[in-house]
Protein chains: 2
Amino acid sequence: MFMKIEALNKTDNRGLQNDIISKIRDHINYKNLEPGDKLPSERMLSEKFEVSRSAIREAIQSLEFYGILESIPQSGTFVAKLGVTALNGMINEILNLEEPDFKSLVETRILLELKTVRLAAQRRTEEQLKHMKQALDAYTEKALLGEDAVQEDLLFHLAIAKASGNPSLNTLMLIITPEIITNFEKYHVCGDDQTFKGIEEHKSIFEAIKNKDVQKSKELMKVHFKSLYKYCYNVDL
Amino acid sequence: MFMKIEALNKTDNRGLQNDIISKIRDHINYKNLEPGDKLPSERMLSEKFEVSRSAIREAIQSLEFYGILESIPQSGTFVAKLGVTALNGMINEILNLEEPDFKSLVETRILLELKTVRLAAQRRTEEQLKHMKQALDAYTEKALLGEDAVQEDLLFHLAIAKASGNPSLNTLMLIITPEIITNFEKYHVCGDDQTFKGIEEHKSIFEAIKNKDVQKSKELMKVHFKSLYKYCYNVDL
DNA sequence: AAGGTTAAACTGGTTTACCAGATTGGTTTA
DNA sequence: TAAACCAATCTGGTAAACCAGTTTAACCTT
């Protein structure tokens, strides 16, 4: 499906897959396929491109993830209701996608979280509040023991994203968070001094969401990330 | 040929896949697999869960996309360097993901674009500027002819995202944009009156990025989306 | 008994064969 | 003539066999 920020970059596969994707694009252009038209069958394509049908299927799945193609069982694979221009542009962008670096991930996460926390403060239900409280308690308990609480930290933030009531934002958060976490672990970003400060910050963020104080929740999250960002890069945000 | 591209049978497939994913999660918990540990082979899992190996592979690919698993050829599938807690939390979130609705997509797009335009104004290279100009010209030309220029509109915005110099943001934009576009087409959101206003707005945004006027670029983008949002929902942003 | 060697087994990936439902075009029927 | 029907065909999906590295462990050598 995606694809895929992480799953694509198996350097082995990516070369071949990108090759197939560009060939599919070329075919669509050559045959002047219009939105909604049917692509040749997987068998035909695999013969035409002289690659295995599996490889074709994989490439199609990637393009399905971006909403460019759609496979319908026992019927065929269809190009989305995008025009040829948009389709070409999108495929080219996808083929030229750079691998996200840690800094851009953090930058994106901060952006997303400043939004999710505001939306959560506006829209959170009682049940979502309860869920956030549980995540907060789990985090606090672990942090107070002096143990590494990166995971519980993450889950608290994901609980906020969930409470934002925006499935799209929630999905994007889920996509980038694991990469952030693994990088955190890799570079040992989080220091012990951050842990205790984190407890207070998390608690205050939770309170702001509970009180539906939109502005305050955002400010607190900003502060929360400010110290983190500074710790990572030795520069102010 | 008027084929309907609707994802109906996906529900069936997704149900099975989610079922397998939760079983994998349960297995990891039951066996107390730690970060970096190896999952049973695909054959074992397919036998254990009584599903086809293809289905297992598909589920694993999904989890790979979210960075939770990693398959290594001729070796095995390994759980990411996330702790058990984070892993459980993430999988549960993934299983409970809601399908994004149009409004949440627009909300997310506005958020992302207000950021990409600011970053583009800061970081754009001359080459990226040239790329944006091309997209802008293509849009203007088509819009002036009174034709539907949704695709060219989209490509201009994607060019901005590219110029933001943030691959992560760029990827997220590519993920949500097609869905937005198809919804636009479906609901016929864009009116003709919007087109000519759009030309001026796009041009002024481009100029702001060219002049590296960060604040102005953001303000202009805000206005650009304001009218759009208002048009969509009959409410102010 | 320890270390090196090798072959059998096990792995994810790939190819091949098969399946059930959708499509299609010719035939039948009103 | 046109609508209805039906079987041959074509489709993506699925299952099973096969492949090429990797891992493992038994075996031989020292």
# chains A, B, ... in the order shown; residues from 1 in each chain; ligands from 1
>>> calpha_fit_rmsd(fixed="chain B", moving="chain A")
3.7 Å
>>> interface_residues(of="chain A", to="chain C", cutoff="10 Å", atoms="only C-alpha atoms (C1' of nucleotides)", output="list of chain:residue names")
A:Ser52, A:Arg53, A:Ser54, A:Ala55, A:Ile72, A:Pro73, A:Gln74, A:Ser75, A:Gly76
>>> select_by_dssp(residues="region 78-172 of chain A", states="alpha helix (DSSP H)", output="ChimeraX atom specification")
/A:84-95,102-123,126-144,150-163,167-172
>>> residues_around(residues="region 217-223 of chain A", least_positions_apart="4", cutoff="6 Å", atoms="only C-alpha atoms (C1' of nucleotides)", output="PDB file with all heavy atoms, in the first residue's frame")
ATOM      1  N   LEU A 114       1.113  20.178  17.012  1.00  0.00           N
ATOM      2  CA  LEU A 114       0.562  21.471  17.413  1.00  0.00           C
ATOM      3  C   LEU A 114      -0.880  21.593  16.928  1.00  0.00           C
ATOM      4  O   LEU A 114      -1.687  22.315  17.532  1.00  0.00           O
ATOM      5  CB  LEU A 114       1.414  22.617  16.858  1.00  0.00           C
ATOM      6  CG  LEU A 114       2.799  22.776  17.495  1.00  0.00           C
ATOM      7  CD1 LEU A 114       3.521  23.975  16.918  1.00  0.00           C
ATOM      8  CD2 LEU A 114       2.678  22.914  19.009  1.00  0.00           C
ATOM      9  N   ARG A 118      -4.555  21.093  19.502  1.00  0.00           N
ATOM     10  CA  ARG A 118      -5.591  22.123  19.454  1.00  0.00           C
ATOM     11  C   ARG A 118      -6.949  21.498  19.162  1.00  0.00           C
ATOM     12  O   ARG A 118      -7.951  21.803  19.825  1.00  0.00           O
ATOM     13  CB  ARG A 118      -5.247  23.157  18.381  1.00  0.00           C
ATOM     14  CG  ARG A 118      -4.596  24.397  18.934  1.00  0.00           C
ATOM     15  CD  ARG A 118      -3.722  25.075  17.908  1.00  0.00           C
ATOM     16  NE  ARG A 118      -4.409  25.442  16.691  1.00  0.00           N
ATOM     17  CZ  ARG A 118      -3.793  25.625  15.516  1.00  0.00           C
ATOM     18  NH1 ARG A 118      -2.474  25.466  15.445  1.00  0.00           N
ATOM     19  NH2 ARG A 118      -4.468  25.964  14.452  1.00  0.00           N
ATOM     20  N   ILE A 205      -0.393  19.563  29.717  1.00  0.00           N
ATOM     21  CA  ILE A 205      -1.056  19.463  28.416  1.00  0.00           C
ATOM     22  C   ILE A 205      -2.390  18.743  28.565  1.00  0.00           C
ATOM     23  O   ILE A 205      -3.421  19.184  28.032  1.00  0.00           O
ATOM     24  CB  ILE A 205      -0.165  18.709  27.398  1.00  0.00           C
ATOM     25  CG1 ILE A 205       1.044  19.567  27.013  1.00  0.00           C
ATOM     26  CG2 ILE A 205      -0.953  18.334  26.149  1.00  0.00           C
ATOM     27  CD1 ILE A 205       2.098  18.839  26.206  1.00  0.00           C
ATOM     28  N   ALA A 208      -4.959  20.989  30.078  1.00  0.00           N
ATOM     29  CA  ALA A 208      -5.459  21.998  29.133  1.00  0.00           C
ATOM     30  C   ALA A 208      -6.494  21.383  28.196  1.00  0.00           C
ATOM     31  O   ALA A 208      -7.527  21.997  27.902  1.00  0.00           O
ATOM     32  CB  ALA A 208      -4.302  22.592  28.336  1.00  0.00           C
TER      33      ALA A 208
END
>>> residues_around(residues="Leu174 (chain B)", least_positions_apart="4", cutoff="8 Å", atoms="only C-alpha atoms (C1' of nucleotides)", output="PyMOL selection string")
(chain A and resi 66+90+93-94) or (chain B and resi 158+170+178)
>>> interface_residues(of="chain A", to="chain B", cutoff="6 Å", atoms="only C-alpha atoms", output="VMD selection string")
chain A and resid 4 6 to 7 66 to 67 81 86 98 100 104 to 105 151 166 to 168 175 178
>>> write_last_selection(atoms="N, CA and C atoms", output="PDB file, in the first residue's frame")
ATOM      1  N   LYS A   4       5.137   4.294   0.491  1.00  0.00           N
ATOM      2  CA  LYS A   4       5.506   3.830   1.747  1.00  0.00           C
ATOM      3  C   LYS A   4       6.761   4.529   2.098  1.00  0.00           C
ATOM      4  N   GLU A   6       8.698   3.922   4.553  1.00  0.00           N
ATOM      5  CA  GLU A   6       9.777   3.040   4.996  1.00  0.00           C
ATOM      6  C   GLU A   6       9.826   1.766   4.157  1.00  0.00           C
ATOM      7  N   ALA A   7       8.646   1.277   3.803  1.00  0.00           N
ATOM      8  CA  ALA A   7       8.605  -0.034   3.167  1.00  0.00           C
ATOM      9  C   ALA A   7       9.191  -0.015   1.763  1.00  0.00           C
ATOM     10  N   TYR A  66      -1.160   5.395  -3.160  1.00  0.00           N
ATOM     11  CA  TYR A  66      -1.219   6.835  -3.409  1.00  0.00           C
ATOM     12  C   TYR A  66      -2.517   7.227  -4.104  1.00  0.00           C
ATOM     13  N   GLY A  67      -3.399   6.261  -4.308  1.00  0.00           N
ATOM     14  CA  GLY A  67      -4.691   6.582  -4.904  1.00  0.00           C
ATOM     15  C   GLY A  67      -4.635   6.834  -6.383  1.00  0.00           C
ATOM     16  N   LYS A  81      -9.580   8.769 -10.970  1.00  0.00           N
ATOM     17  CA  LYS A  81     -10.248   9.878 -11.621  1.00  0.00           C
ATOM     18  C   LYS A  81      -9.404  11.142 -11.536  1.00  0.00           C
ATOM     19  N   ALA A  86      -2.212  15.516 -13.948  1.00  0.00           N
ATOM     20  CA  ALA A  86      -2.008  15.309 -12.517  1.00  0.00           C
ATOM     21  C   ALA A  86      -1.343  13.967 -12.274  1.00  0.00           C
ATOM     22  N   GLU A  98      12.463  11.852  -1.842  1.00  0.00           N
ATOM     23  CA  GLU A  98      13.679  11.630  -1.064  1.00  0.00           C
ATOM     24  C   GLU A  98      13.360  10.870   0.212  1.00  0.00           C
ATOM     25  N   PRO A 100      13.111  10.559   3.972  1.00  0.00           N
ATOM     26  CA  PRO A 100      13.012  11.553   5.048  1.00  0.00           C
ATOM     27  C   PRO A 100      14.175  11.434   6.027  1.00  0.00           C
ATOM     28  N   SER A 104      13.693  16.474   9.311  1.00  0.00           N
ATOM     29  CA  SER A 104      12.417  16.750   8.641  1.00  0.00           C
ATOM     30  C   SER A 104      11.282  16.001   9.325  1.00  0.00           C
ATOM     31  N   LEU A 105      11.590  14.828   9.869  1.00  0.00           N
ATOM     32  CA  LEU A 105      10.577  14.078  10.606  1.00  0.00           C
ATOM     33  C   LEU A 105      10.151  14.845  11.850  1.00  0.00           C
ATOM     34  N   GLN A 151       8.279   4.938  25.006  1.00  0.00           N
ATOM     35  CA  GLN A 151       7.090   4.311  24.431  1.00  0.00           C
ATOM     36  C   GLN A 151       5.808   4.890  24.997  1.00  0.00           C
ATOM     37  N   ASN A 166      -9.657  13.834  13.828  1.00  0.00           N
ATOM     38  CA  ASN A 166      -9.312  13.957  12.413  1.00  0.00           C
ATOM     39  C   ASN A 166      -8.552  12.698  11.979  1.00  0.00           C
ATOM     40  N   PRO A 167      -9.246  11.768  11.349  1.00  0.00           N
ATOM     41  CA  PRO A 167      -8.625  10.481  10.980  1.00  0.00           C
ATOM     42  C   PRO A 167      -7.410  10.659  10.083  1.00  0.00           C
ATOM     43  N   SER A 168      -7.473  11.653   9.247  1.00  0.00           N
ATOM     44  CA  SER A 168      -6.375  11.911   8.326  1.00  0.00           C
ATOM     45  C   SER A 168      -5.099  12.289   9.093  1.00  0.00           C
ATOM     46  N   ILE A 175       2.071   7.225  10.735  1.00  0.00           N
ATOM     47  CA  ILE A 175       3.071   6.907   9.719  1.00  0.00           C
ATOM     48  C   ILE A 175       4.453   7.394  10.140  1.00  0.00           C
ATOM     49  N   PRO A 178       6.702   5.960  14.281  1.00  0.00           N
ATOM     50  CA  PRO A 178       7.656   4.877  14.506  1.00  0.00           C
ATOM     51  C   PRO A 178       9.074   5.239  14.055  1.00  0.00           C
TER      52      PRO A 178
END
>>> closest_atom_pairs(of="chain D", to="chain B", cutoff="10 Å", atoms="only C-alpha atoms (C1' of nucleotides)", output="tab-separated table")
residue	atom	partner	partner_atom	distance
D:DG13	C1'	B:Ser54	CA	9.7
D:DT14	C1'	B:Ser54	CA	7.2
D:DA15	C1'	B:Ser52	CA	7.1
D:DA20	C1'	B:Gln74	CA	8.4
D:DG21	C1'	B:Gln74	CA	5.8
D:DT22	C1'	B:Gln74	CA	5.7
D:DT23	C1'	B:Ser75	CA	7.8
>>> write_last_selection(atoms="N, CA and C atoms (P, O5', C5', C4', C3', O3' and C1' of nucleotides)", output="PDB file, in the first residue's frame")
ATOM      1  P    DG D  13      -6.581  -8.060  -6.722  1.00  0.00           P
ATOM      2  O5'  DG D  13      -6.898  -9.586  -6.389  1.00  0.00           O
ATOM      3  C5'  DG D  13      -8.142  -9.896  -5.775  1.00  0.00           C
ATOM      4  C4'  DG D  13      -8.161 -11.353  -5.353  1.00  0.00           C
ATOM      5  C3'  DG D  13      -7.166 -11.721  -4.249  1.00  0.00           C
ATOM      6  O3'  DG D  13      -7.826 -12.522  -3.285  1.00  0.00           O
ATOM      7  C1'  DG D  13      -6.855 -13.143  -6.101  1.00  0.00           C
ATOM      8  P    DT D  14      -7.072 -12.923  -1.930  1.00  0.00           P
ATOM      9  O5'  DT D  14      -6.609 -14.411  -2.245  1.00  0.00           O
ATOM     10  C5'  DT D  14      -7.600 -15.386  -2.577  1.00  0.00           C
ATOM     11  C4'  DT D  14      -6.929 -16.724  -2.861  1.00  0.00           C
ATOM     12  C3'  DT D  14      -5.880 -17.142  -1.825  1.00  0.00           C
ATOM     13  O3'  DT D  14      -6.153 -18.486  -1.468  1.00  0.00           O
ATOM     14  C1'  DT D  14      -4.999 -17.334  -3.986  1.00  0.00           C
ATOM     15  P    DA D  15      -5.632 -19.029  -0.015  1.00  0.00           P
ATOM     16  O5'  DA D  15      -5.034 -20.449  -0.382  1.00  0.00           O
ATOM     17  C5'  DA D  15      -5.685 -21.246  -1.357  1.00  0.00           C
ATOM     18  C4'  DA D  15      -4.666 -21.977  -2.186  1.00  0.00           C
ATOM     19  C3'  DA D  15      -3.538 -22.640  -1.390  1.00  0.00           C
ATOM     20  O3'  DA D  15      -3.550 -24.035  -1.654  1.00  0.00           O
ATOM     21  C1'  DA D  15      -2.678 -21.473  -3.269  1.00  0.00           C
ATOM     22  P    DA D  20      18.157 -20.462  -8.644  1.00  0.00           P
ATOM     23  O5'  DA D  20      18.805 -19.439  -7.600  1.00  0.00           O
ATOM     24  C5'  DA D  20      18.222 -18.157  -7.431  1.00  0.00           C
ATOM     25  C4'  DA D  20      18.596 -17.581  -6.073  1.00  0.00           C
ATOM     26  C3'  DA D  20      20.049 -17.811  -5.644  1.00  0.00           C
ATOM     27  O3'  DA D  20      20.489 -16.666  -4.968  1.00  0.00           O
ATOM     28  C1'  DA D  20      18.643 -18.691  -4.020  1.00  0.00           C
ATOM     29  P    DG D  21      21.999 -16.216  -5.033  1.00  0.00           P
ATOM     30  O5'  DG D  21      22.126 -15.280  -3.734  1.00  0.00           O
ATOM     31  C5'  DG D  21      22.691 -15.817  -2.567  1.00  0.00           C
ATOM     32  C4'  DG D  21      21.780 -15.540  -1.376  1.00  0.00           C
ATOM     33  C3'  DG D  21      22.545 -15.617  -0.054  1.00  0.00           C
ATOM     34  O3'  DG D  21      22.155 -14.547   0.792  1.00  0.00           O
ATOM     35  C1'  DG D  21      20.748 -17.167  -0.044  1.00  0.00           C
ATOM     36  P    DT D  22      23.163 -14.064   1.898  1.00  0.00           P
ATOM     37  O5'  DT D  22      22.661 -14.736   3.257  1.00  0.00           O
ATOM     38  C5'  DT D  22      21.326 -14.509   3.690  1.00  0.00           C
ATOM     39  C4'  DT D  22      20.941 -15.548   4.719  1.00  0.00           C
ATOM     40  C3'  DT D  22      21.932 -15.706   5.887  1.00  0.00           C
ATOM     41  O3'  DT D  22      21.266 -15.293   7.056  1.00  0.00           O
ATOM     42  C1'  DT D  22      21.150 -17.806   5.095  1.00  0.00           C
ATOM     43  P    DT D  23      22.064 -15.204   8.434  1.00  0.00           P
ATOM     44  O5'  DT D  23      21.650 -16.588   9.123  1.00  0.00           O
ATOM     45  C5'  DT D  23      20.278 -16.974   9.144  1.00  0.00           C
ATOM     46  C4'  DT D  23      20.149 -18.411   9.624  1.00  0.00           C
ATOM     47  C3'  DT D  23      20.981 -18.746  10.878  1.00  0.00           C
ATOM     48  O3'  DT D  23      20.088 -19.232  11.862  1.00  0.00           O
ATOM     49  C1'  DT D  23      21.263 -20.403   9.196  1.00  0.00           C
TER      50       DT D  23
END
>>> residues_around(residues="His224 (chain B)", least_positions_apart="5", cutoff="10 Å", atoms="only C-alpha atoms (C1' of nucleotides)", output="ChimeraX atom specification")
/B:110,197-198,200-202,205,218-219,229
>>> write_last_selection(atoms="all heavy atoms", output="mmCIF file, in the first residue's frame")
data_model
loop_
_atom_site.group_PDB
_atom_site.id
_atom_site.type_symbol
_atom_site.label_atom_id
_atom_site.label_comp_id
_atom_site.auth_asym_id
_atom_site.auth_seq_id
_atom_site.Cartn_x
_atom_site.Cartn_y
_atom_site.Cartn_z
ATOM 1 N N ILE B 110 -4.788 21.954 4.476
ATOM 2 C CA ILE B 110 -4.534 23.361 4.805
ATOM 3 C C ILE B 110 -3.361 23.475 5.773
ATOM 4 O O ILE B 110 -2.458 24.292 5.598
ATOM 5 C CB ILE B 110 -5.806 24.005 5.395
ATOM 6 C CG1 ILE B 110 -6.877 24.115 4.317
ATOM 7 C CG2 ILE B 110 -5.480 25.364 5.986
ATOM 8 C CD1 ILE B 110 -8.220 24.591 4.816
ATOM 9 N N LYS B 197 -9.973 34.034 -9.761
ATOM 10 C CA LYS B 197 -9.415 34.482 -8.491
ATOM 11 C C LYS B 197 -8.176 33.639 -8.173
ATOM 12 O O LYS B 197 -7.176 34.143 -7.697
ATOM 13 C CB LYS B 197 -10.465 34.337 -7.385
ATOM 14 C CG LYS B 197 -10.234 35.278 -6.220
ATOM 15 C CD LYS B 197 -11.536 35.550 -5.489
ATOM 16 C CE LYS B 197 -11.655 34.712 -4.249
ATOM 17 N NZ LYS B 197 -12.938 34.905 -3.562
ATOM 18 N N GLY B 198 -8.271 32.351 -8.502
ATOM 19 C CA GLY B 198 -7.165 31.431 -8.238
ATOM 20 C C GLY B 198 -5.893 31.833 -8.962
ATOM 21 O O GLY B 198 -4.794 31.708 -8.412
ATOM 22 N N GLU B 200 -4.795 34.835 -9.775
ATOM 23 C CA GLU B 200 -4.143 35.936 -9.059
ATOM 24 C C GLU B 200 -3.512 35.447 -7.765
ATOM 25 O O GLU B 200 -2.377 35.803 -7.427
ATOM 26 C CB GLU B 200 -5.158 37.051 -8.771
ATOM 27 C CG GLU B 200 -5.431 37.940 -9.949
ATOM 28 C CD GLU B 200 -4.147 38.471 -10.586
ATOM 29 O OE1 GLU B 200 -3.285 38.989 -9.834
ATOM 30 O OE2 GLU B 200 -3.988 38.331 -11.812
ATOM 31 N N GLU B 201 -4.266 34.632 -7.045
ATOM 32 C CA GLU B 201 -3.777 34.131 -5.755
ATOM 33 C C GLU B 201 -2.519 33.290 -5.938
ATOM 34 O O GLU B 201 -1.535 33.453 -5.214
ATOM 35 C CB GLU B 201 -4.868 33.311 -5.063
ATOM 36 C CG GLU B 201 -6.015 34.179 -4.560
ATOM 37 C CD GLU B 201 -7.144 33.366 -3.935
ATOM 38 O OE1 GLU B 201 -7.075 32.119 -3.973
ATOM 39 O OE2 GLU B 201 -8.097 33.975 -3.427
ATOM 40 N N HIS B 202 -2.548 32.415 -6.914
ATOM 41 C CA HIS B 202 -1.368 31.583 -7.168
ATOM 42 C C HIS B 202 -0.163 32.442 -7.530
ATOM 43 O O HIS B 202 0.946 32.238 -7.043
ATOM 44 C CB HIS B 202 -1.663 30.592 -8.299
ATOM 45 C CG HIS B 202 -2.375 29.353 -7.848
ATOM 46 N ND1 HIS B 202 -2.561 28.263 -8.651
ATOM 47 C CD2 HIS B 202 -2.930 29.033 -6.669
ATOM 48 C CE1 HIS B 202 -3.207 27.325 -7.986
ATOM 49 N NE2 HIS B 202 -3.459 27.779 -6.789
ATOM 50 N N ILE B 205 1.234 34.160 -4.535
ATOM 51 C CA ILE B 205 1.948 33.204 -3.675
ATOM 52 C C ILE B 205 3.334 32.917 -4.252
ATOM 53 O O ILE B 205 4.336 32.920 -3.535
ATOM 54 C CB ILE B 205 1.147 31.880 -3.550
ATOM 55 C CG1 ILE B 205 -0.105 32.107 -2.708
ATOM 56 C CG2 ILE B 205 2.004 30.792 -2.922
ATOM 57 C CD1 ILE B 205 -1.072 30.921 -2.717
ATOM 58 N N LYS B 218 2.703 32.878 3.673
ATOM 59 C CA LYS B 218 1.758 32.158 4.520
ATOM 60 C C LYS B 218 0.394 32.844 4.509
ATOM 61 O O LYS B 218 -0.648 32.184 4.388
ATOM 62 C CB LYS B 218 2.290 32.089 5.950
ATOM 63 C CG LYS B 218 1.380 31.332 6.900
ATOM 64 C CD LYS B 218 1.806 31.497 8.334
ATOM 65 C CE LYS B 218 0.765 30.973 9.291
ATOM 66 N NZ LYS B 218 1.106 31.287 10.696
ATOM 67 N N GLU B 219 0.413 34.168 4.637
ATOM 68 C CA GLU B 219 -0.845 34.908 4.662
ATOM 69 C C GLU B 219 -1.627 34.702 3.370
ATOM 70 O O GLU B 219 -2.842 34.503 3.372
ATOM 71 C CB GLU B 219 -0.577 36.408 4.874
ATOM 72 C CG GLU B 219 -0.093 36.750 6.283
ATOM 73 C CD GLU B 219 -1.067 36.265 7.360
ATOM 74 O OE1 GLU B 219 -2.292 36.329 7.123
ATOM 75 O OE2 GLU B 219 -0.592 35.798 8.414
ATOM 76 N N TYR B 229 -12.266 27.065 1.424
ATOM 77 C CA TYR B 229 -12.946 26.447 2.558
ATOM 78 C C TYR B 229 -14.367 26.977 2.673
ATOM 79 O O TYR B 229 -15.323 26.236 2.883
ATOM 80 C CB TYR B 229 -12.157 26.744 3.835
ATOM 81 C CG TYR B 229 -12.522 25.859 4.991
ATOM 82 C CD1 TYR B 229 -11.938 24.608 5.144
ATOM 83 C CD2 TYR B 229 -13.439 26.276 5.946
ATOM 84 C CE1 TYR B 229 -12.265 23.790 6.203
ATOM 85 C CE2 TYR B 229 -13.776 25.473 7.014
ATOM 86 C CZ TYR B 229 -13.187 24.230 7.141
ATOM 87 O OH TYR B 229 -13.502 23.418 8.198
#
>>> decode(residues="region 75-90 of chain A", atoms="N, CA, C and O atoms", output="short mmCIF file (atom, residue, chain, number, x, y, z; two decimals), in the first residue's frame")
data_model
loop_
_atom_site.label_atom_id
_atom_site.label_comp_id
_atom_site.auth_asym_id
_atom_site.auth_seq_id
_atom_site.Cartn_x
_atom_site.Cartn_y
_atom_site.Cartn_z
N SER A 75 -11.96 -8.06 -12.38
CA SER A 75 -12.41 -7.05 -13.33
C SER A 75 -11.24 -6.34 -14.00
O SER A 75 -11.13 -6.33 -15.22
N GLY A 76 -10.36 -5.79 -13.20
CA GLY A 76 -9.22 -5.11 -13.79
C GLY A 76 -8.64 -4.05 -12.88
O GLY A 76 -9.12 -3.82 -11.77
N THR A 77 -7.60 -3.40 -13.36
CA THR A 77 -6.97 -2.30 -12.62
C THR A 77 -7.26 -1.01 -13.38
O THR A 77 -7.05 -0.93 -14.58
N PHE A 78 -7.75 -0.01 -12.65
CA PHE A 78 -8.22 1.20 -13.29
C PHE A 78 -7.41 2.41 -12.82
O PHE A 78 -6.97 2.45 -11.67
N VAL A 79 -7.23 3.35 -13.71
CA VAL A 79 -6.56 4.59 -13.32
C VAL A 79 -7.58 5.48 -12.63
O VAL A 79 -8.74 5.51 -13.02
N ALA A 80 -7.13 6.18 -11.61
CA ALA A 80 -8.02 6.98 -10.78
C ALA A 80 -8.62 8.12 -11.58
O ALA A 80 -8.23 8.40 -12.70
N LYS A 81 -9.58 8.77 -10.97
CA LYS A 81 -10.25 9.88 -11.62
C LYS A 81 -9.40 11.14 -11.54
O LYS A 81 -9.87 12.20 -11.13
N LEU A 82 -8.13 10.97 -11.86
CA LEU A 82 -7.24 12.11 -11.99
C LEU A 82 -6.96 12.27 -13.47
O LEU A 82 -6.90 11.30 -14.20
N GLY A 83 -6.75 13.47 -13.91
CA GLY A 83 -6.40 13.67 -15.31
C GLY A 83 -5.00 13.18 -15.59
O GLY A 83 -4.23 12.87 -14.68
N VAL A 84 -4.66 13.13 -16.86
CA VAL A 84 -3.34 12.67 -17.28
C VAL A 84 -2.25 13.57 -16.71
O VAL A 84 -1.20 13.10 -16.26
N THR A 85 -2.49 14.85 -16.71
CA THR A 85 -1.50 15.81 -16.22
C THR A 85 -1.17 15.56 -14.75
O THR A 85 0.00 15.41 -14.38
N ALA A 86 -2.21 15.52 -13.95
CA ALA A 86 -2.01 15.31 -12.52
C ALA A 86 -1.34 13.97 -12.27
O ALA A 86 -0.44 13.84 -11.44
N LEU A 87 -1.78 12.98 -13.03
CA LEU A 87 -1.26 11.64 -12.87
C LEU A 87 0.24 11.61 -13.14
O LEU A 87 1.03 11.07 -12.35
N ASN A 88 0.65 12.22 -14.24
CA ASN A 88 2.08 12.27 -14.56
C ASN A 88 2.86 13.00 -13.49
O ASN A 88 3.90 12.53 -13.04
N GLY A 89 2.34 14.15 -13.10
CA GLY A 89 3.02 14.93 -12.08
C GLY A 89 3.19 14.15 -10.80
O GLY A 89 4.27 14.10 -10.21
N MET A 90 2.11 13.50 -10.38
CA MET A 90 2.16 12.75 -9.12
C MET A 90 3.14 11.60 -9.18
O MET A 90 3.93 11.39 -8.27
#
